[in-house]
Structures are given as C-alpha cells and as structure tokens.
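Each remark here refers to the structure printed beneath this line.
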Amino acid sequence: MIDPDVARLVRGVLWPGFLGRTAPDWLLRELDGGLAGVVYFGQNLSSDPAEVAALSAELRVHRPEVLIGVDEEGGNVSRLEAQTGSTLPGHAQLGALDDVETTRAVGAALAERLHAAGANVALAPVADVNTNPANPVIGVRSFGPTADLVSRHVAAMVDGLQTGGVAACVKHYPGHGDTASDSHLDLPRIDLDLAELEAEHLPPFDAAIAAGVASVMTAHIVVPAFGDAPATLNPIPLRRLRESGFDGVIISDALDMAAIRSTTGSGRGAVLALQAGVDLLCIGNPSNLGPKQGATTDEDDYLEVFEAVCAAVADGELDRAIVERAAARVAWLARSVSPSTGSGTGESVPEESPVPERSPVPERSPVPELVEGRFSDAIRRVVRVRGDVAIAASAITLVDLRDRPTFAVASAHDPFAESLAERFAVARLAAGPSLRTPDPQAEAPASDELALLIETIPADDGVVLLADRLGGDTPQRLAVDRVALVRPDAVVVSVGLPLSEDAVLPLPVIDTLAASRASADRVTELLAAASTAAPTHHLHDQHHRNGS
C-alpha cells in the first residue's frame, strides 16, 4: 500500500504522455491526485485548434495549475502541425538567416500557438551545436555548427517564447550535437574532453540561462569527462548546470527512449534521475513501440515510473527531501504559467524547500504585430538553388529517398507531395533503403532496382528526388548518381544539412534546410517557375514501392 502523502508528492514530479485525442480516465484521476501535467504528442492533437483547446481546458478542470508541454520547434519538429508540416522556419533556416529578431519573432509565434492550444511549456529551443554532420537526430534541428551562432539564436528564441507567456525548455544538456547515434534507439557517447565541451557545446546553455530560461532538458548521452552514467542520471553535469547559475526546473528527456529504457529501465532510471538532480520526469510518448514493442499501455508506462519512485522513497533509497525540492520547483514553474482558475482538486505541493524568488516566466506581454509574409520571406532568403530547377511538365513524380522519420520528428506526413499537388499532378514513390545498393558500380545500371523503377515514370513527367543525407558517399548520394544516369532532367530537393560549397552533384539541387510545409511551398514556387499549367490538386501513390 502506497502512502497517500508519498503518492501525491511523487505525482508532482511526473510528466507522462497518453494515447488518443481524449484524456483517459486514469490520467484525470492522477491529475486530481496532484500529477504535474502532461506532454502532448502528435497523436494526441487534432488539426482543429478548438478540439485541442477543449482537451487542455478539460485537464485544467482537474488540475488548474497543470503543466502542458509540447515539442514545438518549427521546421522539422511540430506536434501542433503534425498533420500538415510546420509553417514556421526551422532552427537551421534561422541560423542560416542569422537575424536574431526573426528568431525572436518565431519564438513569439510559437508562444501564440501554444496559448491557442492551451499549452504552457514549449520543449524548445534546441541548444545543441551540430558539430557532427552525420548526427542522425539533431542535424537541421540545430541553429548551426558553432557555439556563437547557436548561443545568440537560443537566447533570442527563449526571449520570444517567454515574453509570450510560455515557459521555454532548452535542450539537450550538456549537448547532443556531436553524437553519431540517436538516443531514442541507443545510448550515444561523446568522446570530448571537458575543455572541448566547455568551448563548443555548453555556451548555448549558458546563453539560455542568462536569458532567464525557465527549464532545461537533459540528454541521454554519456560524456566520459563526466563519468560513465548518461547525463540524465549523472549528478556531475547536473551539478555543473546548477553552478552555472540555473535555478529553474531540470526536465529529463523521455524515459521511454532506448538509452534509458533498454539499460536501467524507466522505473529505475526515474529514481536515478531524481537522485542526480532532475526535477520533472518526462515519461514519453506511449505510441512509440520502444523496447517493449508496444506490449504496454500508456497507464502501464506511467505506473512503472510512479511505483518505482514511490517504492524508493518508502524504503529510504531516495531521500524524500530530494523529491520535495523537485516538486517545489515544478509547482513554482506551474504557478508562473498556469493561472489558478477552475474547480479541480489537484493541489500544489507545499513549498517545504527553497525555490527561486524570481518568476521564471513574466506576465504575458502583447506580441508585436508580425509582418505578413515575414517568415515566408525569411525562407525565400535561405533556400539555395544550384542549377536550373524549374520544371515545365504538368506532372511530377516525387521520389522520396529518405529513411523513415526519427522519433524526434515523429510525423511521417509529406508536406512536399501536398504542396506540389497544388500546382502539378503528383505521383509519389517512396524509395526506401531496400532500393539502394551500397556500391553503384556493383551492378550494371540496367539491373539496378531503383533505376528500373525510375524508368517506369512517364517520360513527360518531371522527376523530383527528396533527400536529407547527401554528404559524402551516403546511400542517398549514391542513389542520386544512379537516378541521374536514367533521368538527367531530375531535380534534387535536399531537406537536410546544406551541401558544402565544393560538393558536386550530377543534378540541380534545391537546399531547403527543413522538411516543413513552409519549405515545401517555396520548393513548389521554384519548380513551377517554368510551368504554365493550371493547378491540378492531384496527388496519388501509383508508383509507391517499399515505403519507408
């Protein structure tokens, strides 16, 4: 039997996800019992803003000071626009533009959107400095490859978000930018000494702290300079974070990610995270299969963490004072962003330990009027074209060479196909990894499966290749070479990191720096420059093969 006081205390440091677009009964009961809040994922959110706002209002009936978080970065990562693609510039686009006022305005626009949805914590901005071009999970989610560039844009976005009354959560401390693996699937390791980490990866977090950021999310990465434990479970980097002047809420990255769940397990990981200095435990997205292969429910995932923390407090392994300190910080943040209205029974945890005197998020200020077209103009300025990309045909086959989306991006929606369909008849061919040969010289082009598929495309169709990893001898880069032998009139749309200035491709290229609806609309504009055909609003998958 769990002590009711311990149960209420522990709920105050938990931040689960849930399945579906309506709040399950177990979640409402836990909110009544003091649960800190929830994190929304794309699978929770309707395309109708009124439905999302109604969901948030229902949660507030049960917990007036509920913390509702959303992964909303702009660019590739959007939950509120998961079904259409983001209409805001992404971090890499903002870094390429390097206009901090535009970045601040994007932060303000994100705050407006979260407010409309009833959410109050933006899991943004990304403060990782993407020093590894092969990074599988950060890439264009970063403002860029240098600490100075990332620092100034992180500070600007924090200001834009928090001036808009939304708590920013800068991520992923102490920096996920030099990893070669994805912590959703593995436990990454960064082999940098402390001096390199301090010089190249920590400055953006220091800039966020100087800007008054309300919360910081940890990374599930091992940094040998800090020891063998991943940062989320490691008191050494989290102590450094506090010593650098941060007095807000430390939030774990999702505990359902393989870096934690496949090593310590979510429950044990939660206890270790609290001992290390984490305040709020993000449990994760229960729609991800993860190591349990979908064998558990959303409530099971929550209870695994809840029961483990309660047991650790009860048997003395986890000092109750640690949980009280964490819960007090979380309650302090919740009060600053959630007006205490409603008739819910979810009470705040008593402040039995010191919390910062400052308000982490100021009173919501009027958002400056955003100039119509400002963001689309910004995207026009950073999208780069190499060669003649206009397509005179009235029909296009869009060949998607990319791998499946990462769990961070989550949405498999293709805004490029939908945008192109407003100007062309569009067929989409998803050429997944099974269509690529490691060595284009290993087989004659005539027996190349991808080339054979390309040959089935009508000669009158334009061909557009969608790629996100073209640097070096990647499978996508080799696939472009093979397609060029069959369709030298094809155009490449690169939505990943930009090609180097001296890179040479056999086909014309559009570098967008994001896979978003805003980027797709600019691509459509460029490709249609030579077309006089009337819009056809036609999209089909008749060439679809081996979708990834």
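Ordering of the structure tokens sets the chain letters (A, B, ...), residue numbers begin anew at 1 in every chain, and ligands are numbered from 1 in the order given.
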As number ranges by chain, please: the residues near stretch 133-135 of chain A (cut-off 10 Å, only C-alpha atoms, same-chain neighbours under 3 positions excluded).
A: 130, 138-140, 145, 176-182, 469, 471-472, 474, 496-498
Mind dumping the selected residues with all heavy atoms as a short mmCIF file (atom, residue, chain, number, x, y, z; two decimals), in the first residue's frame?
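Below is the file result-v2.cif, written as the result:
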```
data_model
loop_
_atom_site.label_atom_id
_atom_site.label_comp_id
_atom_site.auth_asym_id
_atom_site.auth_seq_id
_atom_site.Cartn_x
_atom_site.Cartn_y
_atom_site.Cartn_z
N ASN A 130 25.53 21.50 -33.68
CA ASN A 130 25.65 20.31 -34.53
C ASN A 130 27.03 20.25 -35.18
O ASN A 130 27.22 20.59 -36.34
CB ASN A 130 24.56 20.28 -35.60
CG ASN A 130 24.38 18.89 -36.17
OD1 ASN A 130 23.85 18.01 -35.50
ND2 ASN A 130 24.87 18.66 -37.38
N ILE A 138 19.90 15.28 -34.58
CA ILE A 138 19.88 16.74 -34.43
C ILE A 138 19.87 17.40 -35.81
O ILE A 138 18.85 17.86 -36.27
CB ILE A 138 21.05 17.23 -33.56
CG1 ILE A 138 20.99 16.57 -32.17
CG2 ILE A 138 20.97 18.76 -33.40
CD1 ILE A 138 19.71 16.81 -31.39
N GLY A 139 21.01 17.46 -36.49
CA GLY A 139 21.03 17.98 -37.86
C GLY A 139 20.42 19.35 -37.98
O GLY A 139 20.82 20.31 -37.30
N VAL A 140 19.38 19.47 -38.82
CA VAL A 140 18.76 20.78 -39.08
C VAL A 140 17.90 21.25 -37.91
O VAL A 140 17.36 22.36 -37.96
CB VAL A 140 17.93 20.77 -40.38
CG1 VAL A 140 18.83 20.55 -41.58
CG2 VAL A 140 16.82 19.73 -40.33
N PRO A 145 26.55 25.01 -36.63
CA PRO A 145 27.70 24.24 -36.18
C PRO A 145 28.66 24.97 -35.25
O PRO A 145 29.71 24.42 -34.90
CB PRO A 145 28.40 23.90 -37.50
CG PRO A 145 28.14 25.11 -38.36
CD PRO A 145 26.78 25.61 -37.96
N HIS A 176 23.82 17.53 -27.49
CA HIS A 176 23.65 16.29 -28.27
C HIS A 176 24.22 16.45 -29.68
O HIS A 176 23.99 15.62 -30.55
CB HIS A 176 22.14 15.98 -28.35
CG HIS A 176 21.79 14.53 -28.41
ND1 HIS A 176 22.34 13.66 -29.31
CD2 HIS A 176 20.91 13.80 -27.67
CE1 HIS A 176 21.80 12.46 -29.14
NE2 HIS A 176 20.95 12.52 -28.14
N GLY A 177 24.97 17.53 -29.92
CA GLY A 177 25.34 17.87 -31.28
C GLY A 177 26.49 17.10 -31.88
O GLY A 177 26.68 17.10 -33.10
N ASP A 178 27.28 16.39 -31.06
CA ASP A 178 28.43 15.66 -31.61
C ASP A 178 28.20 14.16 -31.59
O ASP A 178 29.14 13.38 -31.74
CB ASP A 178 29.69 16.00 -30.81
CG ASP A 178 30.97 15.61 -31.56
OD1 ASP A 178 31.03 15.88 -32.77
OD2 ASP A 178 31.87 15.02 -30.94
N THR A 179 26.96 13.73 -31.44
CA THR A 179 26.68 12.29 -31.37
C THR A 179 26.58 11.69 -32.77
O THR A 179 26.24 12.36 -33.74
CB THR A 179 25.38 12.00 -30.62
OG1 THR A 179 24.30 12.69 -31.25
CG2 THR A 179 25.48 12.47 -29.18
N ALA A 180 26.85 10.38 -32.83
CA ALA A 180 26.73 9.63 -34.09
C ALA A 180 25.60 8.62 -34.02
O ALA A 180 25.40 7.85 -34.96
CB ALA A 180 28.05 8.92 -34.40
N SER A 181 24.86 8.61 -32.91
CA SER A 181 23.71 7.72 -32.80
C SER A 181 22.57 8.47 -32.13
O SER A 181 22.74 9.56 -31.58
CB SER A 181 24.06 6.45 -31.99
OG SER A 181 24.53 6.79 -30.70
N ASP A 182 21.38 7.88 -32.20
CA ASP A 182 20.14 8.51 -31.73
C ASP A 182 19.76 7.91 -30.39
O ASP A 182 19.58 6.69 -30.27
CB ASP A 182 19.05 8.25 -32.78
CG ASP A 182 17.71 8.86 -32.44
OD1 ASP A 182 17.55 9.38 -31.33
OD2 ASP A 182 16.80 8.80 -33.30
N ARG A 469 20.23 13.31 -46.66
CA ARG A 469 21.61 12.96 -46.29
C ARG A 469 22.43 12.77 -47.56
O ARG A 469 22.57 11.66 -48.07
CB ARG A 469 21.64 11.70 -45.43
CG ARG A 469 20.98 11.90 -44.10
CD ARG A 469 21.24 10.79 -43.10
NE ARG A 469 20.62 11.11 -41.83
CZ ARG A 469 21.15 11.87 -40.89
NH1 ARG A 469 22.35 12.39 -41.07
NH2 ARG A 469 20.52 12.13 -39.77
N GLY A 471 25.65 14.28 -47.90
CA GLY A 471 27.08 14.49 -47.68
C GLY A 471 27.87 13.19 -47.77
O GLY A 471 27.44 12.16 -47.25
N GLY A 472 29.02 13.22 -48.44
CA GLY A 472 29.86 12.04 -48.55
C GLY A 472 29.23 10.96 -49.41
O GLY A 472 28.33 11.22 -50.23
N THR A 474 26.99 8.68 -48.94
CA THR A 474 25.82 8.10 -48.28
C THR A 474 24.97 7.37 -49.31
O THR A 474 25.05 7.62 -50.51
CB THR A 474 24.97 9.21 -47.64
OG1 THR A 474 24.51 10.09 -48.67
CG2 THR A 474 25.78 10.00 -46.62
N GLY A 496 18.05 18.26 -45.68
CA GLY A 496 18.97 18.06 -44.57
C GLY A 496 19.98 19.18 -44.48
O GLY A 496 19.75 20.31 -44.96
N LEU A 497 21.12 18.88 -43.87
CA LEU A 497 22.18 19.87 -43.76
C LEU A 497 22.65 20.29 -45.15
O LEU A 497 22.62 19.49 -46.09
CB LEU A 497 23.36 19.30 -42.97
CG LEU A 497 23.09 19.02 -41.49
CD1 LEU A 497 24.29 18.32 -40.86
CD2 LEU A 497 22.78 20.31 -40.74
N PRO A 498 23.07 21.54 -45.30
CA PRO A 498 23.44 22.03 -46.63
C PRO A 498 24.67 21.33 -47.18
O PRO A 498 25.57 20.92 -46.43
CB PRO A 498 23.71 23.52 -46.40
CG PRO A 498 24.07 23.62 -44.95
CD PRO A 498 23.24 22.57 -44.26
#
```
Could you give me, as a ChimeraX atom specification, the residues within 8 Å of stretch 280-289 of chain A, counting only C-alpha atoms and dropping anything in the same chain fewer than 4 positions from it?
/A:13-19,39,41,43,249-257,266,270,273,293-295,297-298,301-302,305,326-327,330,407
Same residues, N, CA, C and O atoms, output as a CSV table (one decimal), in the first residue's frame:
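Done, and the output landed in again-v2.csv:
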```csv
chain,number,residue,atom,x,y,z
A,13,VAL,N,6.1,15.3,-9.6
A,13,VAL,CA,7.3,15.4,-10.4
A,13,VAL,C,7.2,14.5,-11.7
A,13,VAL,O,8.2,14.2,-12.3
A,14,LEU,N,6.0,14.1,-12.0
A,14,LEU,CA,5.8,13.2,-13.2
A,14,LEU,C,5.1,13.9,-14.3
A,14,LEU,O,4.1,14.6,-14.1
A,15,TRP,N,5.5,13.6,-15.5
A,15,TRP,CA,5.0,14.3,-16.7
A,15,TRP,C,4.8,13.2,-17.8
A,15,TRP,O,5.7,13.0,-18.7
A,16,PRO,N,3.7,12.5,-17.8
A,16,PRO,CA,3.5,11.4,-18.7
A,16,PRO,C,2.9,11.9,-20.1
A,16,PRO,O,2.4,13.0,-20.2
A,17,GLY,N,2.9,11.0,-21.0
A,17,GLY,CA,2.1,11.1,-22.2
A,17,GLY,C,0.9,10.2,-22.1
A,17,GLY,O,0.8,9.5,-21.1
A,18,PHE,N,0.0,10.2,-23.1
A,18,PHE,CA,-1.1,9.4,-23.1
A,18,PHE,C,-1.5,9.1,-24.5
A,18,PHE,O,-1.1,9.8,-25.5
A,19,LEU,N,-2.4,8.1,-24.7
A,19,LEU,CA,-2.8,7.7,-26.1
A,19,LEU,C,-4.1,8.3,-26.4
A,19,LEU,O,-5.0,8.4,-25.6
A,39,VAL,N,2.5,15.8,-21.4
A,39,VAL,CA,3.1,16.2,-22.6
A,39,VAL,C,2.3,15.8,-23.8
A,39,VAL,O,1.9,14.6,-23.9
A,41,PHE,N,1.8,14.8,-27.7
A,41,PHE,CA,2.5,14.4,-28.9
A,41,PHE,C,1.5,14.5,-30.1
A,41,PHE,O,0.3,14.7,-29.9
A,43,GLN,N,0.1,12.4,-31.9
A,43,GLN,CA,-1.1,11.5,-32.0
A,43,GLN,C,-2.2,12.0,-31.0
A,43,GLN,O,-3.3,11.5,-31.1
A,249,VAL,N,13.8,24.7,-13.5
A,249,VAL,CA,13.4,23.2,-13.5
A,249,VAL,C,14.2,22.4,-14.5
A,249,VAL,O,14.3,22.8,-15.7
A,250,ILE,N,14.8,21.4,-14.0
A,250,ILE,CA,15.5,20.4,-14.8
A,250,ILE,C,14.6,19.3,-15.2
A,250,ILE,O,14.0,18.6,-14.3
A,251,ILE,N,14.4,19.1,-16.5
A,251,ILE,CA,13.5,18.1,-17.0
A,251,ILE,C,14.2,17.0,-17.7
A,251,ILE,O,15.1,17.3,-18.5
A,252,SER,N,13.9,15.8,-17.4
A,252,SER,CA,14.5,14.7,-18.1
A,252,SER,C,14.0,14.6,-19.6
A,252,SER,O,12.8,14.9,-19.8
A,253,ASP,N,14.9,14.1,-20.5
A,253,ASP,CA,14.3,13.7,-21.8
A,253,ASP,C,13.5,12.5,-21.5
A,253,ASP,O,13.5,11.9,-20.4
A,254,ALA,N,12.7,12.0,-22.5
A,254,ALA,CA,11.7,10.9,-22.2
A,254,ALA,C,12.4,9.7,-21.7
A,254,ALA,O,13.4,9.2,-22.3
A,255,LEU,N,11.9,9.1,-20.7
A,255,LEU,CA,12.4,7.9,-20.1
A,255,LEU,C,12.1,6.7,-20.9
A,255,LEU,O,12.6,5.6,-20.6
A,256,ASP,N,11.2,6.8,-21.9
A,256,ASP,CA,10.9,5.6,-22.7
A,256,ASP,C,11.9,5.4,-23.8
A,256,ASP,O,11.8,4.5,-24.6
A,257,MET,N,12.8,6.3,-24.0
A,257,MET,CA,13.8,6.2,-25.0
A,257,MET,C,14.8,5.1,-24.7
A,257,MET,O,15.1,4.8,-23.5
A,266,SER,N,12.8,2.3,-17.3
A,266,SER,CA,12.2,3.6,-17.0
A,266,SER,C,12.1,3.8,-15.5
A,266,SER,O,12.3,4.9,-15.0
A,270,ALA,N,14.1,6.6,-13.5
A,270,ALA,CA,13.5,7.7,-12.8
A,270,ALA,C,14.1,8.0,-11.5
A,270,ALA,O,14.3,9.1,-11.1
A,273,ALA,N,17.5,9.4,-11.9
A,273,ALA,CA,17.4,10.8,-12.4
A,273,ALA,C,17.1,11.8,-11.3
A,273,ALA,O,17.7,12.9,-11.2
A,293,GLN,N,8.1,-3.1,-27.4
A,293,GLN,CA,7.4,-3.5,-28.6
A,293,GLN,C,5.8,-3.3,-28.5
A,293,GLN,O,5.1,-4.1,-29.1
A,294,GLY,N,5.4,-2.2,-27.9
A,294,GLY,CA,4.0,-1.9,-27.8
A,294,GLY,C,3.2,-2.8,-26.9
A,294,GLY,O,2.0,-2.8,-26.9
A,295,ALA,N,3.9,-3.6,-26.0
A,295,ALA,CA,3.2,-4.6,-25.2
A,295,ALA,C,2.6,-3.9,-23.9
A,295,ALA,O,1.9,-4.6,-23.2
A,297,THR,N,0.4,-0.4,-22.0
A,297,THR,CA,-0.5,0.7,-22.3
A,297,THR,C,0.2,2.0,-21.7
A,297,THR,O,1.2,2.0,-21.1
A,298,ASP,N,-0.5,3.1,-22.0
A,298,ASP,CA,0.0,4.4,-21.5
A,298,ASP,C,0.0,4.4,-20.0
A,298,ASP,O,0.9,4.9,-19.3
A,301,ASP,N,3.0,2.4,-18.6
A,301,ASP,CA,4.2,3.1,-18.7
A,301,ASP,C,4.3,4.1,-17.5
A,301,ASP,O,5.4,4.3,-16.9
A,302,TYR,N,3.2,4.8,-17.3
A,302,TYR,CA,3.2,5.7,-16.2
A,302,TYR,C,3.4,5.0,-14.8
A,302,TYR,O,4.2,5.5,-14.0
A,305,VAL,N,6.9,4.0,-13.7
A,305,VAL,CA,7.7,5.1,-13.1
A,305,VAL,C,7.2,5.5,-11.7
A,305,VAL,O,7.9,5.6,-10.7
A,326,ALA,N,12.3,18.9,-5.7
A,326,ALA,CA,12.0,18.8,-7.1
A,326,ALA,C,10.5,19.3,-7.3
A,326,ALA,O,10.2,20.1,-8.2
A,327,ALA,N,9.6,18.7,-6.4
A,327,ALA,CA,8.2,19.1,-6.6
A,327,ALA,C,7.9,20.6,-6.3
A,327,ALA,O,7.1,21.2,-7.0
A,330,VAL,N,8.9,22.4,-9.5
A,330,VAL,CA,7.8,22.2,-10.5
A,330,VAL,C,6.6,23.0,-10.3
A,330,VAL,O,6.0,23.6,-11.2
A,407,PHE,N,12.2,9.3,-34.2
A,407,PHE,CA,11.1,9.5,-33.2
A,407,PHE,C,11.0,11.0,-32.8
A,407,PHE,O,10.0,11.5,-32.4
```
If we count only C-alpha atoms and set the cut-off at 7 Å, which residues sit around stretch 213-228 of chain A, ignoring sequence neighbours fewer than 5 positions away in its own chain? Please answer as a ChimeraX atom specification.
/A:158,167-174,176,183,187-191,193-194,208,236-237,248-253,259,360-361
Within 9 Å of A:Val166, counting only C-alpha atoms, which residues qualify if same-chain residues fewer than 4 places away don't, as a ChimeraX atom specification?
/A:110-112,114-115,119-122,161-162,337,361-362,364
Would you return as JSON, numbers by chain the members of stretch 121-329 of chain A that DSSP assigns to alpha helix (DSSP H) on this structure's backbone?
{"A": [147, 148, 149, 150, 151, 152, 153, 154, 155, 156, 157, 158, 159, 160, 161, 162, 163, 194, 195, 196, 197, 198, 199, 200, 203, 204, 205, 206, 207, 208, 209, 210, 235, 236, 237, 238, 239, 240, 241, 242, 243, 258, 259, 260, 261, 266, 267, 268, 269, 270, 271, 272, 273, 274, 275, 276, 298, 299, 300, 301, 302, 303, 304, 305, 306, 307, 308, 309, 310, 311, 312, 313, 314, 320, 321, 322, 323, 324, 325, 326, 327, 328, 329]}
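Among the candidate residues A:Val399, A:Leu466, A:Ala105, A:Ala311, the one lying nearest to A:Ala515 is A:Leu466, with distances computed using only C-alpha atoms.
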Between atom CA of A:Ile322 and atom CA of A:Val126, what is the distance in Å, rounded to a tenth?
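We find that atom CA of A:Ile322 and atom CA of A:Val126 lie 27.8 Å from each other.
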Rounded to one decimal, what separation in Å do you get between atom CA of A:Ala147 and atom CA of A:Gly90?
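Spanning atom CA of A:Ala147 to atom CA of A:Gly90 is a straight-line distance of 17.6 Å.
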